[in-house]
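J.: There's a structure below that I have some questions on.
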Amino acid sequence: MTEDNPRQSFGNGYDPKSTLLFFRRWWKVLVIVTVVAAAISLVVSMLITPRYKSSVVLFPTNSNRLSKAITADRYSLDFMDYGAERDCEYTIQILSSQAMENAVCNKFNLMEHYGIPSDDPHRLFKLHENYMGNVSVQRTEFLGIQVSVLDIDPEMACNMANFIAAYYDTLCHQIHSDRANDAYAIMDGVCRQMEVEIDSMQRAGVNAELLQMKRAELAAMQTRRAERKVDMEQKVSYKFWLDQATPADKKAYPKRSVVVLLGTLGALAVCVLSILIVDRARRKDEE
């Protein structure tokens with residue numbers, strides 16, 4: 001390879017001298033592209049609407065029923081305990097559920113806030129995509145849950161994050177209450193039936209030992225029914241709220257320096273690649 005034609009080594013392995021000659025030959029073009037790309041990237045970064053981020057951190061409580069900790073004589077649950085990994089996964093599922101998304105979208109009128117026309121045939125899909133792009137739920141290192149919200153309005157981001165954390169208790173109570181209500185209705189029917197049977201056994205003069213066993217069964221069922229009643233009626237918190245969200249005073253997106261750096265490097269890489277392709281094509285034509 002001669003200095004007059006450094007392209008002969010292209011594709012035959014890395015040659016530092018050839019690389020140096022390439023930049024020496026095209027440095028003016030590369031400098032111009034770098035400056036122009038940096039300027040354009042800076043302008044673009046300034047045109048992007050900034051978004052602000054607010055976050056809440058919470059820890060799920062133990063998912064075992066509070067009623068057992070209160071009514072059972074020998075139940076070892078400490079209902080002040082933090083939840084285990086299983087409870088953390090349950091919490092993430094509820095916070096990421098469609099029920100939560102619907103509640104947030106209705107509460108803050110996100111269809112209008114995101115500028116989605118009400119007559120758009122794909123409005124629900126667009127609303128979901130915007131919501132998922134701005135709301136994130138992830139587990140922290142120590143089994144906590146962080147809910148983060150991005151929005152062009154820092155107050156909106158803060159209010160949405162706090163509402164999601166607060167509404168988590170509402171959803172948990174609905175789930176537990178519905179299940180407890182069904183169980184209570186079944187157990188109440190069983191208790192009534194057992195009371196009738198015991199009354200019949202007493203009239204029939206059944207053996208006292210059998211009657212005592214039946215009464216013990218009834219007492220156990222009544223205890224379980226009482227537990228379901230507690231689950232139905234008591235509204236307790238299903239989380240420990242560690243950090244509430246506050247309005248951000250600094251934008252989280254875009255990072256202007258990152259936009260400029262990536263834009264400049266991308267343009268420079270495209271420029272170098274284009275020069276190499278054109279240069280090699282010209283060399284083939286000359287051959």
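Ordered as shown in the structure tokens, chains take letters A, B, and onward, while each chain numbers its residues from 1 and ligands are numbered from 1 in the order shown.
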As a ChimeraX atom specification, please: every residue in range 127-234 of chain A that DSSP puts in alpha helix (DSSP H).

T.: /A:127-134,154-204,208-233

J.: Would you return as a ChimeraX atom specification the members of range 28-252 of chain A that DSSP assigns to strand (DSSP E or B) on this structure's backbone?

T.: /A:51-61,82,135-139,145-151,239-243

J.: Excluding range 256-262 of chain A and any residue of its chain fewer than 5 positions from it, enumerate the residues within 12 Å of it, using only C-alpha atoms, and give them as a list of chain:residue names.

T.: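 After dropping sequence-adjacent residues, the list is A:Thr34, A:Val35, A:Val36, A:Ala37, A:Ala38, A:Ala39, A:Ile40, A:Ser41, A:Leu42, A:Val43, A:Val44, A:Ser45, A:Met46, A:Leu47, A:Ile48, A:Thr49, A:Pro50, A:Lys251, A:Ala267, A:Leu268, A:Ala269.
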
J.: Tell me, as a PDB file with N, CA and C atoms, in the first residue's frame, which residues lie within 6 Å of range 177-186 of chain A, counting only C-alpha atoms; anything in the same chain fewer than 3 positions away does not count.

T.:
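What ended up in result.pdb:
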ATOM      1  N   HIS A 173     -58.668  -4.005  49.241  1.00  0.00           N
ATOM      2  CA  HIS A 173     -59.860  -4.197  50.069  1.00  0.00           C
ATOM      3  C   HIS A 173     -61.012  -4.762  49.248  1.00  0.00           C
ATOM      4  N   GLN A 174     -61.154  -4.290  48.020  1.00  0.00           N
ATOM      5  CA  GLN A 174     -62.218  -4.821  47.161  1.00  0.00           C
ATOM      6  C   GLN A 174     -62.031  -6.316  46.918  1.00  0.00           C
ATOM      7  N   GLY A 189     -74.543 -20.009  56.044  1.00  0.00           N
ATOM      8  CA  GLY A 189     -75.530 -21.042  55.736  1.00  0.00           C
ATOM      9  C   GLY A 189     -75.209 -22.352  56.414  1.00  0.00           C
ATOM     10  N   ARG A 225     -66.442 -17.998  60.569  1.00  0.00           N
ATOM     11  CA  ARG A 225     -67.396 -17.019  60.053  1.00  0.00           C
ATOM     12  C   ARG A 225     -67.087 -15.628  60.607  1.00  0.00           C
ATOM     13  N   ARG A 228     -64.248 -14.079  58.715  1.00  0.00           N
ATOM     14  CA  ARG A 228     -64.655 -13.522  57.429  1.00  0.00           C
ATOM     15  C   ARG A 228     -65.386 -12.194  57.617  1.00  0.00           C
ATOM     16  N   MET A 232     -64.450  -8.631  55.933  1.00  0.00           N
ATOM     17  CA  MET A 232     -65.431  -7.875  55.157  1.00  0.00           C
ATOM     18  C   MET A 232     -65.507  -6.420  55.609  1.00  0.00           C
TER      19      MET A 232
END

J.: For a quick check of understanding, using only C-alpha atoms, which of A:Phe142, A:Phe108, A:Phe59, A:Phe23 has the smallest distance to Cys158 in chain A?

T.: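 Residue with the minimum atom-to-atom distance to Cys158 in chain A: A:Phe108.
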
J.: Go through A:Ser18, A:Ser118, A:Ser136, A:Thr264 and flag the residue nearest Ser96 in chain A, using only C-alpha atoms for the distances.

T.: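 Between A:Ser18, A:Ser118, A:Ser136, A:Thr264, the residue approaching Ser96 in chain A most closely is A:Ser136.
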
J.: CA of Cys271 in chain A to CA of Lys284 in chain A: how many Å, to one decimal?

T.: 20.1 Å

J.: List the spatial neighbours of Asn106 in chain A as a compact mmCIF listing (two decimals) with N, CA, C and O atoms, in the first residue's frame - criterion: any atom at most 12 Å away, only C-alpha atoms, same-chain residues fewer than 6 positions off excluded.

T.:
# COMPACT_ATOMS: atom_id res chain seq x y z
N ALA A 99 -57.37 -2.59 36.26
CA ALA A 99 -58.25 -1.87 37.18
C ALA A 99 -57.58 -0.60 37.70
O ALA A 99 -58.21 0.46 37.81
N MET A 100 -56.30 -0.71 38.03
CA MET A 100 -55.56 0.48 38.48
C MET A 100 -55.45 1.49 37.35
O MET A 100 -55.65 2.71 37.56
N GLU A 112 -57.93 13.29 27.76
CA GLU A 112 -57.80 14.69 27.36
C GLU A 112 -56.39 15.22 27.64
O GLU A 112 -55.83 15.97 26.84
N HIS A 113 -55.84 14.80 28.77
CA HIS A 113 -54.51 15.28 29.16
C HIS A 113 -53.44 14.88 28.14
O HIS A 113 -52.53 15.67 27.86
N LEU A 127 -54.36 5.52 24.60
CA LEU A 127 -54.36 5.87 26.02
C LEU A 127 -53.53 4.88 26.82
O LEU A 127 -52.73 5.26 27.69
N TYR A 131 -50.10 5.66 28.87
CA TYR A 131 -50.05 5.34 30.30
C TYR A 131 -48.86 4.44 30.61
O TYR A 131 -48.10 4.71 31.55
N MET A 160 -50.50 11.85 40.47
CA MET A 160 -50.77 10.52 39.94
C MET A 160 -50.03 9.45 40.74
O MET A 160 -50.61 8.40 41.08
N PHE A 163 -51.72 9.02 44.09
CA PHE A 163 -53.03 8.37 43.94
C PHE A 163 -52.88 6.88 43.72
O PHE A 163 -53.65 6.08 44.29

J.: Tell me which protein, DNA and RNA residues are within 12 Å of Val270 in chain A, counting only C-alpha atoms, leaving out same-chain ones fewer than 4 positions away, and put them as a tab-separated table (two decimals) with N, CA, C and O atoms, in the first residue's frame.

T.:
chain	number	residue	atom	x	y	z
A	30	LEU	N	-15.43	15.60	8.22
A	30	LEU	CA	-15.84	15.05	9.52
A	30	LEU	C	-16.07	16.15	10.54
A	30	LEU	O	-17.01	16.07	11.36
A	33	VAL	N	-19.40	17.87	9.66
A	33	VAL	CA	-20.53	17.01	10.04
A	33	VAL	C	-20.71	17.01	11.56
A	33	VAL	O	-21.84	17.09	12.07
A	34	THR	N	-19.61	16.95	12.30
A	34	THR	CA	-19.69	16.94	13.76
A	34	THR	C	-20.32	18.22	14.29
A	34	THR	O	-21.21	18.19	15.15
A	37	ALA	N	-24.06	18.40	13.20
A	37	ALA	CA	-24.86	17.43	13.93
A	37	ALA	C	-25.06	17.86	15.39
A	37	ALA	O	-26.15	17.71	15.95
A	263	GLY	N	-26.76	12.15	19.19
A	263	GLY	CA	-27.02	12.68	17.85
A	263	GLY	C	-25.74	12.94	17.08
A	263	GLY	O	-25.63	12.62	15.89
A	264	THR	N	-24.76	13.50	17.75
A	264	THR	CA	-23.49	13.81	17.10
A	264	THR	C	-22.74	12.53	16.72
A	264	THR	O	-22.24	12.40	15.59
A	265	LEU	N	-22.65	11.60	17.66
A	265	LEU	CA	-21.95	10.35	17.37
A	265	LEU	C	-22.65	9.56	16.27
A	265	LEU	O	-22.00	8.93	15.43
A	266	GLY	N	-23.98	9.57	16.29
A	266	GLY	CA	-24.73	8.86	15.25
A	266	GLY	C	-24.47	9.44	13.87
A	266	GLY	O	-24.24	8.71	12.89
A	274	SER	N	-20.61	6.15	5.23
A	274	SER	CA	-20.95	6.57	3.87
A	274	SER	C	-19.69	6.83	3.06
A	274	SER	O	-19.60	6.46	1.88
A	275	ILE	N	-18.70	7.49	3.67
A	275	ILE	CA	-17.45	7.76	2.96
A	275	ILE	C	-16.76	6.46	2.56
A	275	ILE	O	-16.26	6.31	1.44
A	276	LEU	N	-16.72	5.49	3.51
A	276	LEU	CA	-16.07	4.22	3.22
A	276	LEU	C	-16.77	3.47	2.10
A	276	LEU	O	-16.12	2.89	1.21
A	277	ILE	N	-18.11	3.49	2.12
A	277	ILE	CA	-18.86	2.78	1.08
A	277	ILE	C	-18.63	3.42	-0.29
A	277	ILE	O	-18.37	2.74	-1.29

J.: For Val56 in chain A, please output as a list of chain:residue names all residues within 9 Å (counting only C-alpha atoms; exclusion window: fewer than 5 positions along the same chain).

T.: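 Near Val56 in chain A, the qualifying residues are A:Ile145, A:Gln146, A:Val147, A:Ser148, A:Cys158, A:Ala161, A:Asn162, A:Ala165, A:Trp241, A:Leu242, A:Asp243, A:Gln244, A:Ala245, A:Thr246.
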
J.: One decimal, in Å: what's the spacing between CA of Met156 in chain A and CA of Ser97 in chain A?

T.: 20.4 Å

J.: Given the choices A:Val230, A:Cys88, A:Leu210, A:Val272, which gets closest to Gln138 in chain A if the distance is worked out from only C-alpha atoms?

T.: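 Looking at the shortest contact to Gln138 in chain A, the residue is A:Cys88.
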
J.: Can you tell me how far CA of Asp199 in chain A sits from CA of Lys229 in chain A, in Å to one decimal?

T.: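 These atoms are spaced 24.8 Å apart.
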